[in-house]
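Structure file upload.pdb (PDB, C-alpha atoms) follows.
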ATOM      1  CA  MET A 204       0.000   0.000   0.000
ATOM      2  CA  ALA A 205       3.022   2.340   0.078
ATOM      3  CA  TRP A 206       2.578   3.016  -3.637
ATOM      4  CA  ILE A 207      -0.764   4.840  -3.177
ATOM      5  CA  MET A 208       0.665   8.169  -2.014
ATOM      6  CA  PRO A 209       3.207   8.552  -4.870
ATOM      7  CA  VAL A 210       0.484   7.739  -7.414
ATOM      8  CA  PHE A 211      -1.807  10.423  -5.991
ATOM      9  CA  VAL A 212       1.061  12.937  -5.877
ATOM     10  CA  ALA A 213       1.848  12.160  -9.531
ATOM     11  CA  CYS A 214      -1.825  12.587 -10.506
ATOM     12  CA  SER A 215      -2.012  15.877  -8.620
ATOM     13  CA  THR A 216       1.188  17.137 -10.248
ATOM     14  CA  PHE A 217      -0.045  16.111 -13.684
ATOM     15  CA  GLY A 218      -3.334  17.940 -13.117
ATOM     16  CA  GLY A 219      -1.551  21.068 -11.899
ATOM     17  CA  VAL A 220       0.815  21.123 -14.881
ATOM     18  CA  ASN A 221      -2.070  20.458 -17.263
ATOM     19  CA  GLY A 222      -4.029  23.412 -15.876
ATOM     20  CA  GLY A 223      -0.921  25.607 -15.950
ATOM     21  CA  ILE A 224      -0.266  24.842 -19.609
ATOM     22  CA  PHE A 225      -3.830  25.668 -20.603
ATOM     23  CA  THR A 226      -3.827  28.855 -18.533
ATOM     24  CA  SER A 227      -0.471  30.148 -19.755
ATOM     25  CA  SER A 228      -1.346  29.539 -23.391
ATOM     26  CA  ARG A 229      -4.475  31.627 -22.965
ATOM     27  CA  LEU A 230      -2.374  34.428 -21.458
ATOM     28  CA  PHE A 231      -0.287  34.512 -24.643
ATOM     29  CA  PHE A 232      -3.491  34.319 -26.691
ATOM     30  CA  VAL A 233      -5.048  37.338 -24.938
ATOM     31  CA  GLY A 234      -1.753  39.253 -25.068
ATOM     32  CA  ALA A 235      -1.676  38.726 -28.833
ATOM     33  CA  ARG A 236      -5.308  39.824 -29.164
ATOM     34  CA  GLN A 237      -4.404  43.046 -27.331
ATOM     35  CA  GLY A 238      -1.524  43.650 -29.752
ATOM     36  CA  HIS A 239       1.300  42.911 -27.288
ATOM     37  CA  LEU A 240       2.440  39.728 -29.047
ATOM     38  CA  PRO A 241       2.497  38.617 -32.690
ATOM     39  CA  GLN A 242      -0.968  38.203 -34.185
ATOM     40  CA  ALA A 243      -0.177  34.595 -35.090
ATOM     41  CA  LEU A 244      -0.709  33.754 -31.400
ATOM     42  CA  ALA A 245      -4.211  35.299 -31.395
ATOM     43  CA  MET A 246      -5.718  32.515 -33.500
ATOM     44  CA  ILE A 247      -8.260  29.832 -32.597
ATOM     45  CA  ASN A 248      -8.202  26.384 -34.203
ATOM     46  CA  LEU A 249     -11.464  25.728 -36.043
ATOM     47  CA  ASP A 250     -11.676  22.030 -35.139
ATOM     48  CA  THR A 251     -10.821  22.133 -31.449
ATOM     49  CA  VAL A 252     -11.779  25.779 -30.709
ATOM     50  CA  THR A 253      -8.556  26.203 -28.726
ATOM     51  CA  PRO A 254      -5.702  28.692 -29.151
ATOM     52  CA  MET A 255      -3.514  26.125 -30.931
ATOM     53  CA  PRO A 256      -0.696  28.551 -31.952
ATOM     54  CA  SER A 257      -0.388  29.715 -28.346
ATOM     55  CA  LEU A 258      -0.338  26.133 -27.069
ATOM     56  CA  ILE A 259       2.452  25.241 -29.491
ATOM     57  CA  PHE A 260       4.353  28.414 -28.539
ATOM     58  CA  VAL A 261       4.125  27.512 -24.827
ATOM     59  CA  CYS A 262       5.289  23.990 -25.668
ATOM     60  CA  ILE A 263       8.337  25.356 -27.527
ATOM     61  CA  LEU A 264       9.153  27.721 -24.640
ATOM     62  CA  SER A 265       8.836  24.836 -22.169
ATOM     63  CA  VAL A 266      11.211  22.674 -24.201
ATOM     64  CA  ILE A 267      13.726  25.532 -24.367
ATOM     65  CA  MET A 268      13.500  26.030 -20.601
ATOM     66  CA  CYS A 269      14.028  22.310 -20.006
ATOM     67  CA  LEU A 270      17.382  22.534 -21.814
ATOM     68  CA  THR A 271      18.919  24.359 -18.855
ATOM     69  CA  SER A 272      21.399  22.458 -16.733
ATOM     70  CA  ASP A 273      20.106  23.820 -13.402
ATOM     71  CA  VAL A 274      16.355  23.364 -13.125
ATOM     72  CA  PHE A 275      16.263  24.717  -9.563
ATOM     73  CA  LEU A 276      17.786  28.014 -10.712
ATOM     74  CA  LEU A 277      15.079  28.274 -13.387
ATOM     75  CA  ILE A 278      12.423  27.563 -10.745
ATOM     76  CA  ASN A 279      13.880  30.352  -8.565
ATOM     77  CA  TYR A 280      13.802  32.832 -11.473
ATOM     78  CA  VAL A 281      10.248  31.991 -12.487
ATOM     79  CA  SER A 282       8.822  31.865  -8.960
ATOM     80  CA  PHE A 283      10.422  35.179  -7.985
ATOM     81  CA  ILE A 284       9.126  36.909 -11.140
ATOM     82  CA  GLU A 285       5.655  35.431 -10.649
ATOM     83  CA  ILE A 286       5.429  36.535  -7.004
ATOM     84  CA  LEU A 287       6.727  40.004  -7.940
ATOM     85  CA  ILE A 288       4.110  40.442 -10.683
ATOM     86  CA  VAL A 289       1.281  39.102  -8.501
ATOM     87  CA  GLY A 290       2.342  41.456  -5.694
ATOM     88  CA  VAL A 291       2.398  44.470  -8.011
ATOM     89  CA  SER A 292      -1.063  43.507  -9.322
ATOM     90  CA  ALA A 293      -2.421  43.199  -5.787
ATOM     91  CA  SER A 294      -0.954  46.583  -4.834
ATOM     92  CA  CYS A 295      -2.622  48.146  -7.885
ATOM     93  CA  LEU A 296      -5.970  46.730  -6.784
ATOM     94  CA  LEU A 297      -5.474  48.174  -3.306
ATOM     95  CA  PHE A 298      -4.496  51.507  -4.866
ATOM     96  CA  LEU A 299      -7.710  51.541  -6.900
ATOM     97  CA  ARG A 300      -9.722  50.660  -3.820
ATOM     98  CA  TRP A 301      -8.181  53.682  -2.070
ATOM     99  CA  ARG A 302      -8.331  56.169  -5.001
ATOM    100  CA  ARG A 303     -11.724  55.088  -6.369
ATOM    101  CA  PRO A 304     -13.740  53.732  -3.462
ATOM    102  CA  ASN A 305     -17.092  54.082  -5.266
ATOM    103  CA  MET A 306     -16.005  52.204  -8.387
ATOM    104  CA  LYS A 307     -18.288  49.274  -9.250
ATOM    105  CA  ARG A 308     -16.648  45.942  -8.344
ATOM    106  CA  PRO A 309     -18.061  42.475  -8.929
ATOM    107  CA  ILE A 310     -16.383  41.192  -5.749
ATOM    108  CA  LYS A 311     -15.696  43.299  -2.684
ATOM    109  CA  ILE A 312     -13.999  41.742   0.340
ATOM    110  CA  ASN A 313     -12.623  42.973   3.625
ATOM    111  CA  LEU A 314      -9.326  44.865   3.187
ATOM    112  CA  ILE A 315      -7.535  42.633   5.699
ATOM    113  CA  ILE A 316      -7.328  39.799   3.171
ATOM    114  CA  PRO A 317      -5.635  41.700   0.300
ATOM    115  CA  ILE A 318      -3.331  43.552   2.719
ATOM    116  CA  THR A 319      -2.249  40.236   4.259
ATOM    117  CA  PHE A 320      -1.737  38.790   0.771
ATOM    118  CA  LEU A 321       0.346  41.820  -0.221
ATOM    119  CA  LEU A 322       2.499  41.507   2.909
ATOM    120  CA  ILE A 323       3.140  37.832   2.150
ATOM    121  CA  CYS A 324       4.084  38.702  -1.450
ATOM    122  CA  ALA A 325       6.417  41.435  -0.176
ATOM    123  CA  ALA A 326       8.080  38.968   2.204
ATOM    124  CA  LEU A 327       8.479  36.412  -0.599
ATOM    125  CA  CYS A 328      10.101  39.112  -2.746
ATOM    126  CA  VAL A 329      12.438  40.486  -0.058
ATOM    127  CA  LEU A 330      13.614  37.217   1.539
ATOM    128  CA  PRO A 331      15.332  35.873  -1.613
ATOM    129  CA  PHE A 332      17.545  38.986  -1.658
ATOM    130  CA  MET A 333      18.707  38.105   1.862
ATOM    131  CA  THR A 334      19.286  34.379   1.305
ATOM    132  CA  ASP A 335      20.469  34.195  -2.330
ATOM    133  CA  PRO A 336      20.585  37.611  -4.039
ATOM    134  CA  VAL A 337      21.876  36.457  -7.459
ATOM    135  CA  PRO A 338      18.692  34.679  -8.693
ATOM    136  CA  ALA A 339      16.503  37.460  -7.266
ATOM    137  CA  THR A 340      18.588  40.137  -9.004
ATOM    138  CA  MET A 341      18.488  38.162 -12.252
ATOM    139  CA  GLY A 342      14.706  37.919 -11.893
ATOM    140  CA  VAL A 343      14.460  41.702 -11.579
ATOM    141  CA  ILE A 344      16.774  42.171 -14.579
ATOM    142  CA  ILE A 345      14.752  39.706 -16.681
ATOM    143  CA  THR A 346      11.555  41.548 -15.752
ATOM    144  CA  LEU A 347      13.048  44.969 -16.555
ATOM    145  CA  CYS A 348      14.212  43.669 -19.953
ATOM    146  CA  GLY A 349      10.542  43.614 -20.877
ATOM    147  CA  ILE A 350      10.413  47.420 -20.937
ATOM    148  CA  PRO A 351      12.616  47.960 -24.029
ATOM    149  CA  VAL A 352      11.031  44.912 -25.679
ATOM    150  CA  TYR A 353       7.610  46.498 -25.169
ATOM    151  CA  PHE A 354       8.677  49.807 -26.696
ATOM    152  CA  VAL A 355      10.412  48.233 -29.709
ATOM    153  CA  PHE A 356       7.866  45.530 -30.524
ATOM    154  CA  VAL A 357       4.553  47.031 -29.339
ATOM    155  CA  TYR A 358       4.667  50.791 -28.832
ATOM    156  CA  TRP A 359       6.683  51.571 -31.978
ATOM    157  CA  PHE A 360       5.231  48.784 -34.131
ATOM    158  CA  ASP A 361       3.581  51.310 -36.488
ATOM    159  CA  LYS A 362       7.015  52.832 -37.168
ATOM    160  CA  TRP A 363       8.508  49.551 -38.332
ATOM    161  CA  PRO A 364       9.408  49.389 -42.036
ATOM    162  CA  LEU A 365       6.571  48.162 -44.235
ATOM    163  CA  PRO A 366       8.480  45.090 -45.546
ATOM    164  CA  ILE A 367       8.949  43.767 -41.992
ATOM    165  CA  ARG A 368       5.261  44.257 -41.183
ATOM    166  CA  ARG A 369       4.318  42.486 -44.409
ATOM    167  CA  CYS A 370       6.611  39.569 -43.494
ATOM    168  CA  LEU A 371       4.880  39.319 -40.117
ATOM    169  CA  ALA A 372       1.491  39.356 -41.842
ATOM    170  CA  LYS A 373       2.625  36.570 -44.210
ATOM    171  CA  PHE A 374       3.921  34.579 -41.240
ATOM    172  CA  THR A 375       0.521  34.986 -39.557
ATOM    173  CA  MET A 376      -1.264  33.774 -42.700
ATOM    174  CA  CYS A 377       1.066  30.761 -42.917
ATOM    175  CA  MET A 378       0.298  29.899 -39.290
ATOM    176  CA  GLN A 379      -3.406  30.197 -40.052
ATOM    177  CA  LYS A 380      -3.124  27.747 -42.930
ATOM    178  CA  LEU A 381      -0.784  25.357 -41.134
ATOM    179  CA  LEU A 382      -2.807  25.185 -37.914
ATOM    180  CA  PHE A 383      -6.259  25.660 -39.501
ATOM    181  CA  SER A 384      -6.803  28.715 -37.294
ATOM    182  CA  VAL A 385      -8.706  31.965 -37.566
ATOM    183  CA  PRO A 386      -8.599  35.226 -35.595
ATOM    184  CA  THR A 387     -11.333  35.775 -33.041
ATOM    185  CA  HIS A 388     -11.718  39.432 -34.012
ATOM    186  CA  HIS A 389     -10.126  42.005 -36.288
ATOM    187  CA  GLY A 390      -6.741  42.829 -34.776
ATOM    188  CA  THR A 391      -3.707  44.789 -35.900
ATOM    189  CA  MET A 392      -2.873  42.350 -38.703
ATOM    190  CA  GLY A 393      -5.091  44.224 -41.166
ATOM    191  CA  LYS A 394      -3.462  47.496 -40.187
ATOM    192  CA  ALA A 395      -0.018  46.033 -40.953
ATOM    193  CA  ILE A 396      -1.082  44.853 -44.414
ATOM    194  CA  ASP A 397      -2.994  47.958 -45.459
ATOM    195  CA  ASP A 398      -0.262  50.508 -44.629
TER     196      ASP A 398
END
Serialized structure, structure tokens:
Amino acid sequence: MAWIMPVFVACSTFGGVNGGIFTSSRLFFVGARQGHLPQALAMINLDTVTPMPSLIFVCILSVIMCLTSDVFLLINYVSFIEILIVGVSASCLLFLRWRRPNMKRPIKINLIIPITFLLICAALCVLPFMTDPVPATMGVIITLCGIPVYFVFVYWFDKWPLPIRRCLAKFTMCMQKLLFSVPTHHGTMGKAIDD
């Protein structure tokens, strides 16, 4: 009977990873629909009605991350960045609750819960700097690298040369044909072709 616990742990881990893969692919899908990622990721497969390009992109990223020699270092980077982003999001919600108290909210809870959550996030962000500052610093650097990437690839996208935007549009059409996918709404792809 000693085999029961490892089997249940494996099933739980498999379910958690499965849910994480589906959730993260939809984050890329929505980011592409908002214009923050290539439009090829904002497509839905006609047969399965799933964001197939985003799922494949997450799969490729996962394979690349598995090529690292130190998995625990990768886990430290990712967990620190995730806690940092969740903490910043929670602080923004508290800021809105303070600055706009009469704003309509679908869920309104006692402030003790989000403040406690924010304090735990702050502790989880500060403690790695005390115990092992290198992975925490690298996590901050990786996160800050997103700022120039945003400006080059999102904010200044309209200033890109027309041939590059046409190549991206052709790549998106190839992905549509290859993965039998269609956009869910009219995005920035038409703007790139028509310019």
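CA of Thr251 (chain A) to CA of Leu230 (chain A) spans 18.0 Å [interatomic distance, one decimal].
Separating CA of Phe232 (chain A) from CA of Pro338 (chain A) is a distance of 28.6 Å.
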Can you tell me which residues surround region 225-227 of chain A at a distance of at most 12 Å, considering only C-alpha atoms, apart from same-chain residues fewer than 5 positions away, and format the answer as a VMD selection string?
chain A and resid 218 to 220 232 to 234 253 to 255 257 to 262 264 to 265
Which residues would end up in the selection if the PyMOL selection byres ((chain A and resi 279-288) around 9) were applied here, given that I need the answer as a PyMOL selection string?
chain A and resi 274-278+289-293+324-325+327-328+331+338-339+341-343+345-346
Would you kindly return, as a PDB file with C-alpha atoms, in the coordinates of the input, each protein, DNA or RNA residue with an atom no farther than 9 Å from any atom of Leu371 (chain A), considering only C-alpha atoms and excluding same-chain residues fewer than 3 positions away?
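That gives us part.pdb:
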ATOM      1  CA  PRO A 241       2.497  38.617 -32.690  1.00  0.00           C
ATOM      2  CA  GLN A 242      -0.968  38.203 -34.185  1.00  0.00           C
ATOM      3  CA  ALA A 243      -0.177  34.595 -35.090  1.00  0.00           C
ATOM      4  CA  PRO A 366       8.480  45.090 -45.546  1.00  0.00           C
ATOM      5  CA  ILE A 367       8.949  43.767 -41.992  1.00  0.00           C
ATOM      6  CA  ARG A 368       5.261  44.257 -41.183  1.00  0.00           C
ATOM      7  CA  PHE A 374       3.921  34.579 -41.240  1.00  0.00           C
ATOM      8  CA  THR A 375       0.521  34.986 -39.557  1.00  0.00           C
ATOM      9  CA  MET A 376      -1.264  33.774 -42.700  1.00  0.00           C
ATOM     10  CA  MET A 392      -2.873  42.350 -38.703  1.00  0.00           C
ATOM     11  CA  ALA A 395      -0.018  46.033 -40.953  1.00  0.00           C
TER      12      ALA A 395
END
Coordinates-based distance that separates CA of Ile263 (chain A) from CA of Leu244 (chain A) (Å, one decimal)
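CA of Leu244 (chain A) sits 12.9 Å away from CA of Ile263 (chain A).
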To test your reading of the syntax: which residues would the PyMOL selection byres ((chain A and resi 297-299) around 12) return for the file shown? Reply as number ranges by chain.
A: 290-296, 300-308, 311-321
